[in-house]
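Shown here: run.txt, compact mmCIF, C-alpha atoms.
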# COMPACT_ATOMS: atom_id res chain seq x y z
CA MET A 264 -1.09 -8.96 -12.96
CA LEU A 265 1.38 -6.30 -14.07
CA GLU A 266 1.95 -8.06 -17.37
CA LYS A 267 -1.82 -8.08 -17.95
CA HIS A 268 -2.79 -4.61 -16.68
CA GLN A 269 0.49 -2.62 -16.84
CA VAL A 270 -0.70 -0.37 -14.00
CA LEU A 271 -2.57 -1.83 -11.01
CA LEU A 272 -5.20 0.32 -9.28
CA GLY A 273 -6.00 0.20 -5.59
CA CYS A 274 -8.66 1.46 -3.20
CA ALA A 275 -7.96 2.46 0.41
CA VAL A 276 -10.59 1.15 2.84
CA ASP A 277 -10.22 3.43 5.87
CA SER A 278 -12.63 1.39 8.00
CA ALA A 279 -10.92 -1.91 7.12
CA SER A 280 -14.43 -3.25 6.56
CA PRO A 281 -14.29 -6.69 4.91
CA ASP A 282 -17.56 -5.88 3.12
CA VAL A 283 -16.14 -2.73 1.55
CA ALA A 284 -12.90 -4.54 0.71
CA GLU A 285 -14.86 -7.29 -1.01
CA MET A 286 -17.00 -4.75 -2.90
CA ALA A 287 -13.92 -2.85 -4.10
CA GLY A 288 -12.46 -6.06 -5.46
CA MET A 289 -15.75 -6.97 -7.14
CA LEU A 290 -15.85 -3.52 -8.77
CA GLY A 291 -12.49 -4.24 -10.36
CA TYR A 292 -9.81 -2.75 -8.10
CA ASP A 293 -6.66 -4.86 -8.23
CA LEU A 294 -5.66 -4.07 -4.65
CA VAL A 295 -7.37 -2.91 -1.48
CA TRP A 296 -5.46 -1.13 1.27
CA ALA A 297 -6.01 -0.82 5.01
CA ASP A 298 -3.96 1.57 7.11
CA LEU A 299 -2.58 0.32 10.42
CA GLU A 300 -0.22 3.31 10.72
CA HIS A 301 -2.75 6.12 11.22
CA GLY A 302 -5.94 4.21 11.92
CA SER A 303 -7.24 2.12 14.83
CA VAL A 304 -7.31 -1.21 13.00
CA GLY A 305 -6.41 -4.19 15.19
CA PRO A 306 -5.08 -7.68 14.30
CA ARG A 307 -8.52 -9.32 14.06
CA GLU A 308 -9.88 -6.50 11.89
CA ALA A 309 -6.79 -6.74 9.68
CA GLN A 310 -7.39 -10.44 9.12
CA THR A 311 -11.09 -10.10 8.26
CA PHE A 312 -10.17 -7.23 5.92
CA CYS A 313 -7.72 -9.52 4.11
CA GLN A 314 -10.39 -12.21 3.90
CA GLY A 315 -12.86 -9.74 2.40
CA ALA A 316 -10.31 -8.57 -0.17
CA LYS A 317 -9.57 -12.12 -1.23
CA ALA A 318 -13.29 -12.90 -1.53
CA GLY A 319 -13.66 -9.92 -3.88
CA GLY A 320 -10.67 -10.96 -5.98
CA ALA A 321 -8.27 -8.19 -4.93
CA LEU A 322 -4.84 -8.36 -3.32
CA PRO A 323 -4.94 -7.18 0.32
CA VAL A 324 -2.41 -4.49 1.27
CA LEU A 325 -1.65 -3.51 4.87
CA ARG A 326 0.39 -0.43 5.75
CA ILE A 327 1.89 -1.12 9.15
CA PRO A 328 3.13 1.41 11.74
CA ASN A 329 6.87 0.68 11.37
CA ALA A 330 9.47 -2.02 10.73
CA ASP A 331 9.19 -3.68 14.16
CA ARG A 332 9.03 -7.47 14.05
CA VAL A 333 5.59 -7.71 15.63
CA HIS A 334 4.00 -5.42 13.02
CA VAL A 335 5.60 -7.15 10.03
CA LEU A 336 4.80 -10.61 11.35
CA HIS A 337 1.19 -9.90 12.35
CA ALA A 338 0.37 -8.35 8.97
CA LEU A 339 1.74 -11.32 7.07
CA GLU A 340 0.09 -13.86 9.36
CA ALA A 341 -3.24 -12.04 8.83
CA GLY A 342 -2.90 -12.80 5.13
CA ALA A 343 -1.64 -9.54 3.63
CA ARG A 344 -0.15 -10.13 0.21
CA LEU A 345 1.64 -6.79 0.33
CA ILE A 346 2.82 -4.82 3.32
CA VAL A 347 4.00 -1.23 3.19
CA VAL A 348 6.38 0.13 5.83
CA PRO A 349 6.33 3.94 6.20
CA MET A 350 9.20 6.39 6.64
CA VAL A 351 12.03 4.10 5.52
CA GLU A 352 15.20 6.16 5.11
CA SER A 353 18.02 3.61 5.08
CA PRO A 354 18.96 0.20 3.65
CA GLU A 355 19.46 -0.95 7.24
CA THR A 356 15.74 -0.52 7.91
CA ALA A 357 14.93 -2.30 4.63
CA ARG A 358 17.09 -5.24 5.70
CA GLU A 359 15.27 -5.32 9.04
CA ILE A 360 11.93 -5.58 7.19
CA VAL A 361 13.23 -8.51 5.13
CA GLU A 362 14.61 -10.19 8.25
CA HIS A 363 11.16 -10.14 9.84
CA GLY A 364 9.15 -10.70 6.65
CA LYS A 365 10.91 -13.53 4.81
CA TYR A 366 11.73 -17.08 5.82
CA ALA A 367 15.28 -18.37 5.56
CA PRO A 368 17.47 -18.09 3.61
CA LEU A 369 16.30 -14.52 2.85
CA GLY A 370 15.26 -13.64 6.40
CA LYS A 371 14.40 -14.94 9.85
CA ARG A 372 10.60 -14.83 9.84
CA GLY A 373 9.13 -16.72 12.78
CA PHE A 374 7.31 -19.94 11.95
CA ASN A 375 3.75 -20.83 12.92
CA GLY A 376 2.39 -23.30 10.42
CA ALA A 377 -1.27 -22.92 11.38
CA THR A 378 -1.78 -19.22 10.54
CA ARG A 379 -3.67 -17.79 7.60
CA GLY A 380 -0.35 -16.50 6.27
CA LEU A 381 0.74 -20.13 5.81
CA GLN A 382 -2.54 -21.48 4.43
CA TYR A 383 -3.70 -22.61 7.91
CA GLY A 384 -1.20 -25.45 7.66
CA ILE A 385 -3.05 -27.08 4.76
CA GLY A 386 -0.72 -28.94 2.42
CA ASP A 387 3.03 -29.37 2.53
CA ARG A 388 4.63 -27.03 5.06
CA LEU A 389 7.83 -26.47 3.07
CA GLU A 390 5.80 -25.66 -0.05
CA ASN A 391 3.76 -23.17 1.99
CA ILE A 392 6.96 -21.48 3.17
CA GLU A 393 8.22 -21.24 -0.41
CA TRP A 394 4.84 -19.81 -1.45
CA ALA A 395 4.97 -17.19 1.31
CA ASN A 396 8.47 -16.07 0.34
CA ARG A 397 7.46 -15.85 -3.31
CA GLU A 398 3.91 -14.47 -3.11
CA THR A 399 4.04 -11.97 -0.23
CA HIS A 400 5.66 -8.65 -0.98
CA LEU A 401 7.49 -6.10 1.14
CA PHE A 402 7.32 -2.44 0.11
CA VAL A 403 9.25 0.44 1.64
CA GLN A 404 7.61 3.87 1.69
CA ILE A 405 9.82 6.61 0.24
CA GLU A 406 8.48 9.89 1.61
CA THR A 407 11.32 12.16 2.72
CA VAL A 408 14.14 14.00 0.99
CA GLU A 409 16.64 11.69 2.71
CA ALA A 410 14.72 8.62 1.56
CA VAL A 411 14.80 9.81 -2.06
CA ARG A 412 18.54 10.49 -1.76
CA ARG A 413 19.16 6.90 -0.59
CA CYS A 414 16.30 5.35 -2.57
CA SER A 415 18.48 3.23 -4.86
CA GLU A 416 20.28 1.66 -1.88
CA ILE A 417 17.04 1.07 0.00
CA VAL A 418 15.07 -0.68 -2.74
CA ALA A 419 18.12 -2.69 -3.87
CA VAL A 420 17.95 -4.78 -0.68
CA GLU A 421 17.18 -8.38 -1.60
CA GLY A 422 13.68 -9.34 -0.53
CA ILE A 423 12.22 -5.86 -1.02
CA THR A 424 9.68 -5.98 -3.86
CA GLY A 425 9.34 -2.26 -4.41
CA GLY A 426 8.87 1.24 -3.10
CA LEU A 427 5.78 3.37 -2.57
CA VAL A 428 6.46 7.07 -3.04
CA GLY A 429 4.30 9.17 -0.70
CA PRO A 430 3.81 12.62 -2.27
CA ALA A 431 2.14 14.23 0.77
CA ASP A 432 4.85 13.54 3.34
CA LEU A 433 7.50 14.12 0.70
CA SER A 434 6.14 17.63 0.15
CA PHE A 435 6.19 18.26 3.91
CA SER A 436 9.79 17.05 4.07
CA MET A 437 10.66 19.61 1.39
CA GLY A 438 9.00 22.43 3.35
CA LYS A 439 6.27 22.70 0.71
CA PRO A 440 3.27 21.00 2.31
CA LEU A 441 0.79 19.60 -0.23
CA ALA A 442 2.24 21.80 -2.98
CA PHE A 443 1.77 19.08 -5.59
CA ASP A 444 1.93 21.58 -8.45
CA ASP A 445 5.37 22.81 -7.33
CA PRO A 446 7.99 21.83 -9.96
CA GLU A 447 10.52 20.76 -7.31
CA VAL A 448 8.01 18.51 -5.55
CA LEU A 449 6.95 16.97 -8.86
CA SER A 450 10.59 16.49 -9.85
CA LEU A 451 11.56 14.71 -6.63
CA PHE A 452 8.43 12.56 -6.84
CA THR A 453 9.32 11.35 -10.34
CA GLN A 454 13.01 10.98 -9.43
CA ALA A 455 12.08 8.50 -6.72
CA ILE A 456 9.91 6.52 -9.12
CA GLY A 457 12.74 6.44 -11.64
CA LYS A 458 15.21 5.16 -9.04
CA ILE A 459 12.86 2.38 -7.99
CA ARG A 460 12.34 1.23 -11.57
CA ALA A 461 16.05 1.50 -12.35
CA ALA A 462 16.69 -0.95 -9.51
CA GLY A 463 14.33 -3.42 -11.16
CA LYS A 464 11.70 -3.04 -8.44
CA ILE A 465 7.99 -2.13 -8.52
CA ALA A 466 7.11 1.56 -8.15
CA ALA A 467 3.88 2.52 -6.37
CA THR A 468 2.15 5.60 -4.99
CA ALA A 469 -1.06 6.68 -3.29
CA THR A 470 -2.69 9.65 -5.02
CA ALA A 471 -5.49 10.62 -7.37
CA THR A 472 -4.09 14.09 -8.14
CA PRO A 473 -4.21 14.19 -11.97
CA HIS A 474 -0.82 15.71 -12.73
CA LEU A 475 0.90 13.47 -10.17
CA VAL A 476 -0.74 10.43 -11.76
CA LYS A 477 0.25 11.57 -15.25
CA ALA A 478 3.85 12.36 -14.33
CA GLY A 479 4.12 9.21 -12.24
CA VAL A 480 2.87 6.89 -14.97
CA GLU A 481 5.21 8.54 -17.46
CA ALA A 482 8.06 7.93 -14.99
CA GLY A 483 7.12 4.24 -14.66
CA LEU A 484 4.52 3.88 -11.90
CA GLN A 485 3.04 0.37 -11.72
CA ILE A 486 0.69 0.59 -8.72
CA ILE A 487 -1.57 3.53 -7.80
CA ILE A 488 -3.80 3.62 -4.73
CA CYS A 489 -6.20 6.07 -6.34
CA ALA A 490 -9.42 5.96 -4.29
CA THR A 491 -10.19 6.21 -0.59
CA GLU A 492 -13.29 5.18 1.28
CA MET A 493 -13.45 8.29 3.47
CA SER A 494 -12.99 10.83 0.68
CA SER A 495 -15.57 9.03 -1.46
CA LEU A 496 -18.08 9.00 1.39
CA ARG A 497 -17.37 12.64 2.22
CA SER A 498 -17.92 13.69 -1.37
CA SER A 499 -21.07 11.58 -1.77
CA PHE A 500 -22.56 12.64 1.57
CA ASP A 501 -21.87 16.30 0.86
CA GLN A 502 -23.38 16.17 -2.63
CA THR A 503 -26.48 14.30 -1.44
CA LEU A 504 -26.97 16.81 1.38
CA ARG A 505 -26.76 19.68 -1.10
CA ASP A 506 -29.10 18.02 -3.59
CA VAL A 507 -31.81 17.08 -1.08
CA SER A 508 -31.56 20.42 0.75
CA GLY A 509 -31.96 22.17 -2.58
CA MET A 510 -35.03 20.13 -3.45
CA ILE A 511 -36.62 20.90 -0.08
CA ARG A 512 -35.97 24.63 -0.49
CA SER A 513 -37.47 24.62 -3.99
CA ILE A 514 -40.59 22.80 -2.74
CA SER A 515 -40.94 25.20 0.22
CA CYS A 516 -40.79 28.16 -2.10

Show the structure stored in the file as structure tokens.
Amino acid sequence: MLEKHQVLLGCAVDSASPDVAEMAGMLGYDLVWADLEHGSVGPREAQTFCQGAKAGGALPVLRIPNADRVHVLHALEAGARLIVVPMVESPETAREIVEHGKYAPLGKRGFNGATRGLQYGIGDRLENIEWANRETHLFVQIETVEAVRRCSEIVAVEGITGGLVGPADLSFSMGKPLAFDDPEVLSLFTQAIGKIRAAGKIAATATATPHLVKAGVEAGLQIIICATEMSSLRSSFDQTLRDVSGMIRSISC
């Protein structure tokens, strides 16, 4: 996909609705993202979300709460092709993610051959395990000053596919909340991307802020989660309310 498109674009589906996930894929988004860190999405909802994404032709991405075994395992068994682990600040945590997320010899992922993450047990089990190790991807989220400082060590861990640089929490970590136009914030953001690419890994982010997108792509970004369900609804609902209210006022006058 990267060879074909250069930069992959994703849509965050805040509701984890399989219908919206499918629609986003049908519209042309390469990835769809559901957030298990901040939201109230449960295991069953995560699985139907992944099914909807696949039906629409997009790769399902799940951001999980942390690196605990149960979160990594459940996301992969639900059928996520990419998982993102937030607030990773050390290679030790990255190794823990790999331990839970990859089968031997890379890790110690628990085996249940009948789950969606292993093709429901259809076909050769060893081939399914090889497929899972090859085609499911573990991303660390780089979103603090400390994480950027140790970024090269973190993403170098074998089994980690790439890093997602979170500009919002990074700006908070710098004491400059949401100051995306601040030169120091922009510099650290692009530094992290450069370190990820220098390690031969995939660099991602979640933003639609124009100058962050521009600087990030110039620094080597390959995945951008650039749209969100809630912000799109908020904008559409607000504009429709204004438009219809305006029409009613003009008729009344």

Could you tell me, as an MDAnalysis selection string, which residues have any atom at most 10 Å from (20.4, 3.9, 1.8), counting all atoms listed in the file?
chainID A and resid 351:357 409:420

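As for CA of Thr468 (chain A) and CA of Arg332 (chain A), they are spaced 24.1 Å apart.
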
Determine, using all atoms listed in the file, which residues of region 417-502 of chain A have any atom at most 12 Å from an atom of region 272-281 of chain A, and tabulate each with its shortest atom pair and distance in Å to one decimal place, rows ordered by chain and then rising number, as CSV.
residue,atom,partner,partner_atom,distance
A:Ala467,CA,A:Leu272,CA,9.8
A:Thr468,CA,A:Gly273,CA,9.8
A:Ala469,CA,A:Gly273,CA,8.5
A:Thr470,CA,A:Gly273,CA,10.0
A:Ala471,CA,A:Leu272,CA,10.5
A:Val476,CA,A:Leu272,CA,11.3
A:Val480,CA,A:Leu272,CA,11.9
A:Leu484,CA,A:Leu272,CA,10.7
A:Gln485,CA,A:Leu272,CA,8.6
A:Ile486,CA,A:Leu272,CA,5.9
A:Ile487,CA,A:Leu272,CA,5.1
A:Ile488,CA,A:Gly273,CA,4.2
A:Cys489,CA,A:Gly273,CA,5.9
A:Ala490,CA,A:Cys274,CA,4.7
A:Thr491,CA,A:Ala275,CA,4.5
A:Glu492,CA,A:Val276,CA,5.1
A:Met493,CA,A:Asp277,CA,6.3
A:Ser494,CA,A:Asp277,CA,9.5
A:Ser495,CA,A:Ala275,CA,10.2
A:Leu496,CA,A:Asp277,CA,10.6

Of A:Thr311, A:Gln454, A:Thr407, A:Ser303, the one nearest to Leu433 (chain A) when counting only C-alpha atoms is A:Thr407

Would you give me, as JSON lines, each residue of region 347-402 of chain A having an atom within 9 Å of an atom of region 336-342 of chain A, along with its shortest atom pair and that distance in Å to one decimal, using all atoms listed in the file and sorting by chain and residue number?
{"residue": "A:His363", "atom": "CA", "partner": "A:Leu336", "partner_atom": "CA", "distance": 6.6}
{"residue": "A:Gly364", "atom": "CA", "partner": "A:Leu336", "partner_atom": "CA", "distance": 6.4}
{"residue": "A:Arg372", "atom": "CA", "partner": "A:Leu336", "partner_atom": "CA", "distance": 7.3}
{"residue": "A:Gly373", "atom": "CA", "partner": "A:Leu336", "partner_atom": "CA", "distance": 7.6}
{"residue": "A:Asn375", "atom": "CA", "partner": "A:Glu340", "partner_atom": "CA", "distance": 8.6}
{"residue": "A:Thr378", "atom": "CA", "partner": "A:Glu340", "partner_atom": "CA", "distance": 5.8}
{"residue": "A:Arg379", "atom": "CA", "partner": "A:Gly342", "partner_atom": "CA", "distance": 5.6}
{"residue": "A:Gly380", "atom": "CA", "partner": "A:Glu340", "partner_atom": "CA", "distance": 4.1}
{"residue": "A:Leu381", "atom": "CA", "partner": "A:Glu340", "partner_atom": "CA", "distance": 7.2}
{"residue": "A:Gln382", "atom": "CA", "partner": "A:Gly342", "partner_atom": "CA", "distance": 8.7}
{"residue": "A:Ala395", "atom": "CA", "partner": "A:Leu339", "partner_atom": "CA", "distance": 8.8}
{"residue": "A:Thr399", "atom": "CA", "partner": "A:Leu339", "partner_atom": "CA", "distance": 7.7}

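For the residues A:Ala461, A:Ile405, A:Leu325, A:Val333, ranking by smallest atom-to-atom distance to Ser434 (chain A) using all atoms listed in the file places A:Ile405 first.
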
With distances taken over all atoms listed in the file, the candidate from A:Val335, A:His301, A:Lys317, A:Ile511 nearest Met286 (chain A) is A:Lys317

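Checking A:Ala318, A:Met437, A:Ala462, A:Val507 one by one against Asp282 (chain A), counting all atoms listed in the file, you find the shortest gap at A:Ala318.
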
Produce the centre coordinates and the three edge lengths, each in Å to one decimal, of the box along x, y and z that contains all listed atoms of region 405-413 of chain A with 3 Å added on each side, as lines of an AutoDock Vina configuration file.
center_x = 13.8
center_y = 10.3
center_z = 0.3
size_x = 16.7
size_y = 13.4
size_z = 10.8

Nearest to Pro446 (chain A), restricted to only C-alpha atoms and choosing among A:Ile423, A:Val403, A:Ala478, A:Gly463, comes out as A:Ala478

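Point (4.7, 9.7, -3.9) has the following residues at most 6 Å away: Val428, Gly429, Pro430, Phe452 and Thr468 of chain A (atoms considered: all atoms listed in the file).
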
Determine, counting all atoms listed in the file, which protein, DNA and RNA residues have an atom within 12 Å of an atom of Pro368 (chain A); residues of the same chain fewer than 4 positions away are not included. Present the result as a list in words.
Val361, Glu362, His363, Gly364, Arg372, Ile392, Glu393, Asn396, Glu421 and Gly422 of chain A

Restricting to only C-alpha atoms, whichever of A:Leu299, A:Arg344, A:His334, A:Gly305 is closest to His400 (chain A) is A:Arg344

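For the atom pair formed by CA of Leu265 (chain A) and CA of Val283 (chain A), the distance is 23.7 Å, given to one decimal.
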